[in-house]
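Enquirer: One structure is given below, represented as structure tokens, and several questions about it will come after.
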6 protein chains.
Amino acid sequence: MEDRFNQPLGGNQMPRPGGPATFMRLPAAEGPEGLDAAILGVPMDIGASNRAGTRLGPRQIRDESRMLRPFNMATGAAPFAHCQIADIGDVPVNLFNLEASVEIIRQAVGRVAAAGAVPVTLGGDHTLTFPALQGVAEVHGPLALVHIDAHADVNEEMFGEPLAHGTPFRRAEEAGCLLNDRVVQIGLRGTGYAPEDYDWGRSLGWQIVTGEEVAGRDLGRLMAQVKALVGDAPLYISFDIDSLSPGTAPGTGTAEAGGLADWQALQIIRGLAGCNLVGCDLVEVSPPYDTSGNTAVIAAALVYEMLCILPGVPQRPPPRRHDFDF
Amino acid sequence: MEDRFNQPLGGNQMPRPGGPATFMRLPAAEGPEGLDAAILGVPMDIGASNRAGTRLGPRQIRDESRMLRPFNMATGAAPFAHCQIADIGDVPVNLFNLEASVEIIRQAVGRVAAAGAVPVTLGGDHTLTFPALQGVAEVHGPLALVHIDAHADVNEEMFGEPLAHGTPFRRAEEAGCLLNDRVVQIGLRGTGYAPEDYDWGRSLGWQIVTGEEVAGRDLGRLMAQVKALVGDAPLYISFDIDSLSPGTAPGTGTAEAGGLADWQALQIIRGLAGCNLVGCDLVEVSPPYDTSGNTAVIAAALVYEMLCILPGVPQRPPPRRHDFDF
Amino acid sequence: MEDRFNQPLGGNQMPRPGGPATFMRLPAAEGPEGLDAAILGVPMDIGASNRAGTRLGPRQIRDESRMLRPFNMATGAAPFAHCQIADIGDVPVNLFNLEASVEIIRQAVGRVAAAGAVPVTLGGDHTLTFPALQGVAEVHGPLALVHIDAHADVNEEMFGEPLAHGTPFRRAEEAGCLLNDRVVQIGLRGTGYAPEDYDWGRSLGWQIVTGEEVAGRDLGRLMAQVKALVGDAPLYISFDIDSLSPGTAPGTGTAEAGGLADWQALQIIRGLAGCNLVGCDLVEVSPPYDTSGNTAVIAAALVYEMLCILPGVPQRPPPRRHDFDF
Amino acid sequence: MEDRFNQPLGGNQMPRPGGPATFMRLPAAEGPEGLDAAILGVPMDIGASNRAGTRLGPRQIRDESRMLRPFNMATGAAPFAHCQIADIGDVPVNLFNLEASVEIIRQAVGRVAAAGAVPVTLGGDHTLTFPALQGVAEVHGPLALVHIDAHADVNEEMFGEPLAHGTPFRRAEEAGCLLNDRVVQIGLRGTGYAPEDYDWGRSLGWQIVTGEEVAGRDLGRLMAQVKALVGDAPLYISFDIDSLSPGTAPGTGTAEAGGLADWQALQIIRGLAGCNLVGCDLVEVSPPYDTSGNTAVIAAALVYEMLCILPGVPQRPPPRRHDFDF
Amino acid sequence: MEDRFNQPLGGNQMPRPGGPATFMRLPAAEGPEGLDAAILGVPMDIGASNRAGTRLGPRQIRDESRMLRPFNMATGAAPFAHCQIADIGDVPVNLFNLEASVEIIRQAVGRVAAAGAVPVTLGGDHTLTFPALQGVAEVHGPLALVHIDAHADVNEEMFGEPLAHGTPFRRAEEAGCLLNDRVVQIGLRGTGYAPEDYDWGRSLGWQIVTGEEVAGRDLGRLMAQVKALVGDAPLYISFDIDSLSPGTAPGTGTAEAGGLADWQALQIIRGLAGCNLVGCDLVEVSPPYDTSGNTAVIAAALVYEMLCILPGVPQRPPPRRHDFDF
Amino acid sequence: MEDRFNQPLGGNQMPRPGGPATFMRLPAAEGPEGLDAAILGVPMDIGASNRAGTRLGPRQIRDESRMLRPFNMATGAAPFAHCQIADIGDVPVNLFNLEASVEIIRQAVGRVAAAGAVPVTLGGDHTLTFPALQGVAEVHGPLALVHIDAHADVNEEMFGEPLAHGTPFRRAEEAGCLLNDRVVQIGLRGTGYAPEDYDWGRSLGWQIVTGEEVAGRDLGRLMAQVKALVGDAPLYISFDIDSLSPGTAPGTGTAEAGGLADWQALQIIRGLAGCNLVGCDLVEVSPPYDTSGNTAVIAAALVYEMLCILPGVPQRPPPRRHDFDF
């Protein structure tokens, strides 16, 4: 069955350090047509407010994805046995004009969605999620959203500008992209300008789970409830790597003390298996601050987990393989 | 109300990468007079026994504090709405003479305390806490102490010397700075010279909670008991960044496997809200080993949390903003 | 009593940054004769499939072990009071010929075992564990095995080769080195080529505990059961540093998202105290990816913990030193 | 005499790792009024086409300038004995809008020039030089220009945009800021889009000296001729750190093989002593790529050399202090 | 004319941080057929004797080549206007078996040569040059060789092995691949096992120019003589990045003090324009030691210069564009 | 003949990444007795005024010396064929007391000199040269000195202290250790407190050659004259790695723009062959700022060159091995 679909280049065909620097060493494709999911990059950081560098995020996530093998040992998912997936390259954003870039992204993601493929976007700064949501909503209508982040990213504006990496979800809501009763934000924490910073979303009906609430905990129960809330609505997942602890994922620009462990990040995505995933992104990986490359290693694994919950990919969790009871 | 007090320079007035490299981009002040709390740096590492580099800790903590906004989303604290806080710069330690430096620090911290301000000291190696405790105790009398660290720092001497980063709490006790029935050490772990290494403090009545006891756990209950023990005594908090895991906070000189997560570190300080905080420090950040800058990011957040529990700052924890039950 | 045995060079005799770069600054020895345990290095990475660099692992683990003091504050173990331990240097592997190196390692480790000493091997890539197990099994017969790793390392072959860092445990089993009813693998996770990847071991009777099962949890209960299973069989411990989270231990070559915390790694080794330890290794530390040196710091601590559970070293866990109840 | 002017904080008053992180630890000033020269930063990288990170350049140049002492041992210049110089902080650029930032910079630099002070600008990406030239030319009229760079930066546009770090000198020429017969570009090299890339400037009468022509050579004769060409015209110096070799100055975004040595960079600025310097900048330092900090060390030294050739600063080269003849 | 040939993806079509991670963002090709030159990578370091890491060299050279534009401003060469060039990806070497890899490389390079294309190989460790020379010589007969390196790489064996990165040129000579009267080694320096280390080549008639002889000097005259010696023989260029100074090109495994500047490296390749280039390589780039990426930047520029001297590429050095005389 | 003397462990006996981390993998010795030269380390940085980290310099220089082979290809020197050389480990300095350390160093170096061996000291900060000169002068009387450095290090005091890394040569002169008519300082440059900074030495008759005078030049003629001046006096060489360019040798604490190339550094030491070398040091290598390790590579090579000019080591420069004339 696998022969019908693109497969990642295997480690026994080409050593891991070689091969094309596409995501998981998948075949490159010119466009999304005929795909179930399309990996695309947005090499941009001009929406970032603190450190820069996420413009190289897509390149490094792809580079460090070279170790990933096709089968998910935890969930039994085998995305490349059930879906046609390719890396369609980068969106030609205009690095000198954020407004123009937003429109370019909207069209690029929209083209993917219109072709019937799930856009899986590698960032790049979080500004990209506004036009990505637009592009997907134009095809699927208003979306359920699970947003994992240290920040709510619902500022009215930043430095007087409506478009920046701290505003995408307010812009998306204003543009009618969201099903407000099916929006969940997980991991918010840190400092703000006012006590009301998270209340805007809540007032719309969003569910807001702070970093303090999830710290150190098994997230299985939470995610079951999130999944129930999402139901069968078209779902978009936006995963900001700064939701993780600055110690676990140093390669990012607006790090906040506290935050998720990597195993919790995996739990969150796995917990959404069975939803109607229509779009997703992994954003804010900044390679210059990722001296070991392991922030990109973790980011690539999270993107892989998103592929593992694509519609049509069965989840076959394996049996316990030990006799212990603990 | 805020207009009465110094405010951090906001991200909508000056982009985060710019502005003065003071703590949180607060105004600089010549001295502590008129302040409720004074940030001061001790650019020193000549008391360090293993790796050096903490002499640049104050500079990097300030640099990476540029992202912090004024309001604490977790606790509702708004320190700059209730206190006058400024960065009074660095203590001119003598890098070639540790004994002389200790006296210089004692006077500098003592001047802050005498002015009625809480000294919030950025280290620098842990030697500084002995003269800092002296300076504060000269004004407030013997102090309760909450000391978070991988090490007890109660050596009789190091290499034959009474002053070093492994001796400050023994020296402080000998100098009468401590209320021995209100001293708590949290996070001690690793290797030692003898089984008695932690017993000296215990024999005086100190409470010693090891790293193994707290690993991975929610620390709310512990901190409630610590807070009760401290009571209304004048409290000094000394936070050594090596209390955290070497993976979470690599930028330090005497790293020990095991150790706190960053969210636990936040819990510890937040758990002391309501105490009579009269002095505190954050020590042992060594920038050359902090290649991403995120050890300093975490350190800056912890210093900010100390400001959030200054006397007179109300804690207004927000309501839950979701409908989940987990 | 201590005078009878080699002692690590103390920090009050020679500052920590100085002294010989042997493990814990122990005396070097020409060979294993007369020792209870021998530290040896295997400076090799030619069995590695993704990133290289573990050839320098032994040097950096030794370098960063300079901070370790002789007494274990958590368990009360004092290995240098009860055992003769020395650093016998490196195995002269052939970096251009993996097959030849495997034979060189087998002989070197076998010589240690034959001399009655426990080989404590610093890697180096995981290929070394196959010949190490052979060398030990030639003396002690088939072995119980506790293997901590992100990967099962039981591939039939890699790139058509039987010897590589992904095959040692299959080779060892085939060579009759293992007691299949006393083999435990802990921490396996990530992606694979097929759902059966872990089943080969399980079909032989091995106990396989995945990374997902242990994430974030106290491992005391698990380890008690593992210890019971091992019983009094001769035990080999193989600890791959990539069992830890890529955020906690970045300095390794085949990092996998998720994984152990450092405090859990300590729990695992401590949980095996009382077993009949006859050999052990700590592998896959890759210094070029360990920019702070702290992966080596953690690795050195884990090797030290292995010394603390050598046969004949009493465990004397100290009493609680506080009055809290949490 | 020195008492009349601001002095850098000395290393015997405050250890080098401490003190304010202003340029050379000079006093900060609110504005340029009353100054002979004003140091200002432009924390921006949104005009950069390849790597980002120069938004943190001003902070790091200031940080690493802490070692500079007041007296120039090579030229005898003592700028702080003859000029009032202060660090006036950063220009509040809009990181989300390049066009808006260009206007903000023009006003900020213009204010400095209008106050009679020489603006000494720390970048930040090279886009800033267009508005900086505008701001200065509004006061002093068209300017002579010495531009040291790997790139001509005279593109008609980049990605369709007129404003970017590859266009400032074309924009400045179009805006009438330059005396075309007194424009010199030094160090241009690398690859281009067409053979005509450098011809546009030449066609206007600019002098273009390539990197190949100066590689490895003493630049004394060249600079004497450059100085003669500049004559008494108001002079602006724009120094892009990527004019240096990528090995010597790694911390930059558009590195080109070949390039100046650091001693040649010093020769170039020293060779312009006696000119009528009315403005200058040092741009394109990108801290994330400067792992040792030494690109900033070199950049800070070059900025210091600019201060040493301010009008009114005597050059008093010392006599030879040896008896050798070589 | 350009439309006939592959062109690098331009910076105005896709921002530099995006686009495919092929060399210069050229189109990828399945094989060498129809090409004038083929870029191929050899992701290998198992022939390396000191530091590892060159297995990732091809990936990083490609990544950092993203800034290169098509036209050579120094020499007037426009390779993509005259040649069909593509990136044909990596050779699937066997990372666990050096002997097998050598044969795999011989076939892969031989296929390129047999197709009439010039193989331009990105290393990888220097072992690859032996099979690369074989592969080319099988098509073109014995070759002239210009070898730039810190080391002669003519060891009889290393650790008893005939194949390693210190032996390729002895093996190639023994295999009859070289025209001994047209072999030039440039840059040799450092330490050796015996005074005769360089004499073996000399005894065969090779020309050996040491690092000391070229240090700091303009190499125009030397290269004219080298070019004359090569004459019209088929020429192979092997460029080891460790020929450069360890300060200029830190990202390599067997660094030797002294060595070329980057501008000298450019001179060497440019000096061979007009020769009958039939094969070339750039080896020993080790990304883990190249923290800024600039060793790869320089390496990519040198590979580009090799493309600029492909047969059929006119050299059109531009006129001087200034009026100075120095 | 070689069998009579210690030999570095060869690369064909033990792979370069393995073996003891002594200098060049030479045998360790307990003391200097019976040696012609003794390598010793001073793991200290408490005399440093700006960045710290040189306390780990001896460890890293030794580590990176592992590549050095016994024979000098440039000069024909074979030190291990003519001298008994060993690594005698580190001096147990007191890291908390600079004055005590100075006395400890004086005794340790003095013991070496008294044993008839040449002390070859690895630093560590430059403070050590004062007691090293004392220790040597006590045996050999006043010394000729060749001092290569960016700084004169003749301050009267630093921060009021007589002992620091900026004062050793003034202290040594005051202590009568120097032959003032045979003292040469090479490479001084940068900024100072007053024009007289270099005049103190000159007034005593010292020869002072600035960095500007030597930049980019062949130093053969200079060194011939320096050698003539030194004559047959007992000679001490003190080499501060910051004499090199901050780009070439980033791993140091008080970097100054400009400075020597690595090939010039080699020329300086080679130019002193034939002098009566009685002591030498290589100081100020700071590993935390040496991210590639290549500053230590260069430092190790320079120390090796010092061994090559030990009294009794013949210089046998090889003949030219090419037919070119350039």
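Just so we're on the same page: first chain in the structure tokens is A, next is B, and so on; residues restart at 1 for each chain, and ligands are numbered from 1 in the order they show up.
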Please identify the helix (DSSP H, G or I) residues within range 71-209 of chain B (assignment by DSSP from backbone atoms) and present them as an mmCIF file with N, CA and C atoms, in the first residue's frame.
Expert:
data_model
loop_
_atom_site.group_PDB
_atom_site.id
_atom_site.type_symbol
_atom_site.label_atom_id
_atom_site.label_comp_id
_atom_site.auth_asym_id
_atom_site.auth_seq_id
_atom_site.Cartn_x
_atom_site.Cartn_y
_atom_site.Cartn_z
ATOM 1 N N PRO B 79 3.876 45.185 40.372
ATOM 2 C CA PRO B 79 4.795 45.849 41.302
ATOM 3 C C PRO B 79 5.028 47.320 41.002
ATOM 4 N N PHE B 80 4.992 47.709 39.729
ATOM 5 C CA PHE B 80 5.302 49.092 39.401
ATOM 6 C C PHE B 80 4.106 50.017 39.601
ATOM 7 N N ALA B 81 2.991 49.445 40.001
ATOM 8 C CA ALA B 81 1.837 50.263 40.368
ATOM 9 C C ALA B 81 1.848 50.588 41.857
ATOM 10 N N HIS B 82 2.733 49.922 42.594
ATOM 11 C CA HIS B 82 2.694 50.069 44.053
ATOM 12 C C HIS B 82 4.029 50.405 44.681
ATOM 13 N N LEU B 98 39.257 39.377 46.929
ATOM 14 C CA LEU B 98 37.929 38.933 47.343
ATOM 15 C C LEU B 98 37.539 39.523 48.694
ATOM 16 N N GLU B 99 38.486 39.589 49.594
ATOM 17 C CA GLU B 99 38.183 40.125 50.917
ATOM 18 C C GLU B 99 37.742 41.589 50.827
ATOM 19 N N ALA B 100 38.462 42.339 50.019
ATOM 20 C CA ALA B 100 38.071 43.742 49.840
ATOM 21 C C ALA B 100 36.690 43.841 49.215
ATOM 22 N N SER B 101 36.417 42.966 48.272
ATOM 23 C CA SER B 101 35.115 43.019 47.603
ATOM 24 C C SER B 101 33.980 42.748 48.571
ATOM 25 N N VAL B 102 34.209 41.814 49.449
ATOM 26 C CA VAL B 102 33.166 41.476 50.419
ATOM 27 C C VAL B 102 32.791 42.700 51.254
ATOM 28 N N GLU B 103 33.774 43.463 51.631
ATOM 29 C CA GLU B 103 33.496 44.671 52.404
ATOM 30 C C GLU B 103 32.782 45.722 51.556
ATOM 31 N N ILE B 104 33.194 45.850 50.314
ATOM 32 C CA ILE B 104 32.535 46.799 49.410
ATOM 33 C C ILE B 104 31.063 46.442 49.232
ATOM 34 N N ILE B 105 30.800 45.171 49.108
ATOM 35 C CA ILE B 105 29.408 44.728 48.921
ATOM 36 C C ILE B 105 28.587 44.994 50.181
ATOM 37 N N ARG B 106 29.195 44.677 51.333
ATOM 38 C CA ARG B 106 28.474 44.903 52.582
ATOM 39 C C ARG B 106 28.017 46.357 52.691
ATOM 40 N N GLN B 107 28.902 47.259 52.355
ATOM 41 C CA GLN B 107 28.560 48.670 52.453
ATOM 42 C C GLN B 107 27.490 49.062 51.429
ATOM 43 N N ALA B 108 27.642 48.540 50.228
ATOM 44 C CA ALA B 108 26.691 48.925 49.170
ATOM 45 C C ALA B 108 25.291 48.416 49.482
ATOM 46 N N VAL B 109 25.192 47.161 49.885
ATOM 47 C CA VAL B 109 23.871 46.612 50.208
ATOM 48 C C VAL B 109 23.334 47.269 51.472
ATOM 49 N N GLY B 110 24.233 47.491 52.402
ATOM 50 C CA GLY B 110 23.819 48.147 53.635
ATOM 51 C C GLY B 110 23.245 49.530 53.384
ATOM 52 N N ARG B 111 23.828 50.234 52.438
ATOM 53 C CA ARG B 111 23.311 51.571 52.121
ATOM 54 C C ARG B 111 21.889 51.479 51.571
ATOM 55 N N VAL B 112 21.646 50.462 50.756
ATOM 56 C CA VAL B 112 20.295 50.286 50.218
ATOM 57 C C VAL B 112 19.304 50.017 51.350
ATOM 58 N N ALA B 113 19.682 49.080 52.209
ATOM 59 C CA ALA B 113 18.779 48.739 53.311
ATOM 60 C C ALA B 113 18.558 49.940 54.221
ATOM 61 N N ALA B 114 19.626 50.646 54.477
ATOM 62 C CA ALA B 114 19.503 51.804 55.370
ATOM 63 C C ALA B 114 18.597 52.874 54.788
ATOM 64 N N HIS B 126 28.151 33.423 44.468
ATOM 65 C CA HIS B 126 27.361 33.378 45.693
ATOM 66 C C HIS B 126 28.085 33.941 46.915
ATOM 67 N N THR B 127 29.375 34.176 46.794
ATOM 68 C CA THR B 127 30.066 34.826 47.904
ATOM 69 C C THR B 127 29.345 36.087 48.339
ATOM 70 N N LEU B 128 28.745 36.771 47.398
ATOM 71 C CA LEU B 128 28.131 38.073 47.680
ATOM 72 C C LEU B 128 27.026 37.997 48.707
ATOM 73 N N THR B 129 26.434 36.824 48.910
ATOM 74 C CA THR B 129 25.287 36.779 49.811
ATOM 75 C C THR B 129 25.694 36.974 51.274
ATOM 76 N N PHE B 130 26.928 36.585 51.605
ATOM 77 C CA PHE B 130 27.369 36.855 52.985
ATOM 78 C C PHE B 130 27.351 38.351 53.275
ATOM 79 N N PRO B 131 28.074 39.169 52.531
ATOM 80 C CA PRO B 131 28.005 40.607 52.859
ATOM 81 C C PRO B 131 26.629 41.201 52.603
ATOM 82 N N ALA B 132 25.871 40.642 51.661
ATOM 83 C CA ALA B 132 24.514 41.170 51.459
ATOM 84 C C ALA B 132 23.667 40.924 52.702
ATOM 85 N N LEU B 133 23.775 39.732 53.258
ATOM 86 C CA LEU B 133 23.036 39.438 54.488
ATOM 87 C C LEU B 133 23.500 40.349 55.619
ATOM 88 N N GLN B 134 24.800 40.552 55.692
ATOM 89 C CA GLN B 134 25.299 41.474 56.714
ATOM 90 C C GLN B 134 24.693 42.857 56.560
ATOM 91 N N GLY B 135 24.746 43.355 55.322
ATOM 92 C CA GLY B 135 24.240 44.707 55.080
ATOM 93 C C GLY B 135 22.775 44.851 55.443
ATOM 94 N N VAL B 136 22.001 43.823 55.159
ATOM 95 C CA VAL B 136 20.575 43.896 55.463
ATOM 96 C C VAL B 136 20.320 43.703 56.962
ATOM 97 N N ALA B 137 21.064 42.763 57.557
ATOM 98 C CA ALA B 137 20.850 42.481 58.974
ATOM 99 C C ALA B 137 21.266 43.656 59.853
ATOM 100 N N GLU B 138 22.187 44.444 59.388
ATOM 101 C CA GLU B 138 22.572 45.626 60.171
ATOM 102 C C GLU B 138 21.386 46.574 60.327
ATOM 103 N N VAL B 139 20.473 46.530 59.391
ATOM 104 C CA VAL B 139 19.301 47.410 59.456
ATOM 105 C C VAL B 139 18.102 46.696 60.086
ATOM 106 N N HIS B 140 17.901 45.440 59.675
ATOM 107 C CA HIS B 140 16.679 44.753 60.067
ATOM 108 C C HIS B 140 16.873 43.744 61.189
ATOM 109 N N PRO B 168 29.124 31.221 52.187
ATOM 110 C CA PRO B 168 28.453 32.430 52.681
ATOM 111 C C PRO B 168 27.477 32.198 53.827
ATOM 112 N N PHE B 169 26.803 31.058 53.846
ATOM 113 C CA PHE B 169 25.773 30.916 54.873
ATOM 114 C C PHE B 169 26.365 30.534 56.215
ATOM 115 N N ARG B 170 27.522 29.875 56.195
ATOM 116 C CA ARG B 170 28.205 29.646 57.468
ATOM 117 C C ARG B 170 28.722 30.972 58.024
ATOM 118 N N ARG B 171 29.326 31.741 57.165
ATOM 119 C CA ARG B 171 29.828 33.051 57.609
ATOM 120 C C ARG B 171 28.693 33.928 58.126
ATOM 121 N N ALA B 172 27.559 33.880 57.428
ATOM 122 C CA ALA B 172 26.434 34.724 57.841
ATOM 123 C C ALA B 172 25.898 34.277 59.199
ATOM 124 N N GLU B 173 25.859 32.977 59.382
ATOM 125 C CA GLU B 173 25.363 32.482 60.670
ATOM 126 C C GLU B 173 26.319 32.905 61.782
ATOM 127 N N GLU B 174 27.601 32.732 61.545
ATOM 128 C CA GLU B 174 28.600 33.123 62.545
ATOM 129 C C GLU B 174 28.506 34.607 62.882
ATOM 130 N N PRO B 195 29.067 12.754 54.741
ATOM 131 C CA PRO B 195 27.620 12.701 54.986
ATOM 132 C C PRO B 195 27.126 13.849 55.845
ATOM 133 N N GLU B 196 28.028 14.479 56.539
ATOM 134 C CA GLU B 196 27.632 15.544 57.453
ATOM 135 C C GLU B 196 27.456 16.896 56.758
ATOM 136 N N ASP B 197 27.669 16.926 55.486
ATOM 137 C CA ASP B 197 27.705 18.229 54.814
ATOM 138 C C ASP B 197 26.454 19.070 55.045
ATOM 139 N N TYR B 198 25.314 18.426 55.134
ATOM 140 C CA TYR B 198 24.089 19.212 55.345
ATOM 141 C C TYR B 198 23.712 19.267 56.836
ATOM 142 N N ASP B 199 24.417 18.536 57.642
ATOM 143 C CA ASP B 199 23.988 18.399 59.035
ATOM 144 C C ASP B 199 24.309 19.626 59.876
ATOM 145 N N TRP B 200 25.309 20.378 59.448
ATOM 146 C CA TRP B 200 25.680 21.541 60.225
ATOM 147 C C TRP B 200 24.485 22.488 60.337
ATOM 148 N N GLY B 201 23.867 22.758 59.212
ATOM 149 C CA GLY B 201 22.685 23.630 59.227
ATOM 150 C C GLY B 201 21.548 23.015 60.022
ATOM 151 N N ARG B 202 21.323 21.733 59.780
ATOM 152 C CA ARG B 202 20.231 21.073 60.499
ATOM 153 C C ARG B 202 20.441 21.150 62.005
ATOM 154 N N SER B 203 21.691 21.019 62.421
ATOM 155 C CA SER B 203 21.973 21.031 63.861
ATOM 156 C C SER B 203 21.637 22.386 64.479
#
Enquirer: Pull out every residue of chain D sitting within 6 Å of chain F, counting only C-alpha atoms, and send them as a list in words.
Expert: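 Written out as asked, the residues are Asn12, Arg16, Pro17, Arg69, Pro70, Phe71, Asn72, Met73, Thr248, Asp262, Trp263, Ser292, Asn294, Ile298, Arg321, His322 and Phe326 of chain D.
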Enquirer: Name the residues of range 65-228 of chain C that fall into strand (DSSP E or B) according to DSSP on the backbone, using the chain letters and numbers of this document, as a ChimeraX atom specification.
Expert: /C:71-72,85-90,118-123,143-148,158,161,178-188,191-192,207-210
Enquirer: Please list as a list in words every residue within 7 Å of range 45-47 of chain F, counting only C-alpha atoms and excluding residues in the same chain fewer than 5 positions away.
Expert: Ile46 and Phe96 of chain B; Ala52, Gly53, Thr54, Arg55, Leu95, Leu98, Gly124, Asp125, Thr127, Ala164 and His165 of chain F
Enquirer: If you measure from CA of Asp323 in chain A to CA of Leu310 in chain C, what distance in Å do you get, rounded to one decimal?
Expert: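 Distance reported for this atom pair: 26.8 Å.
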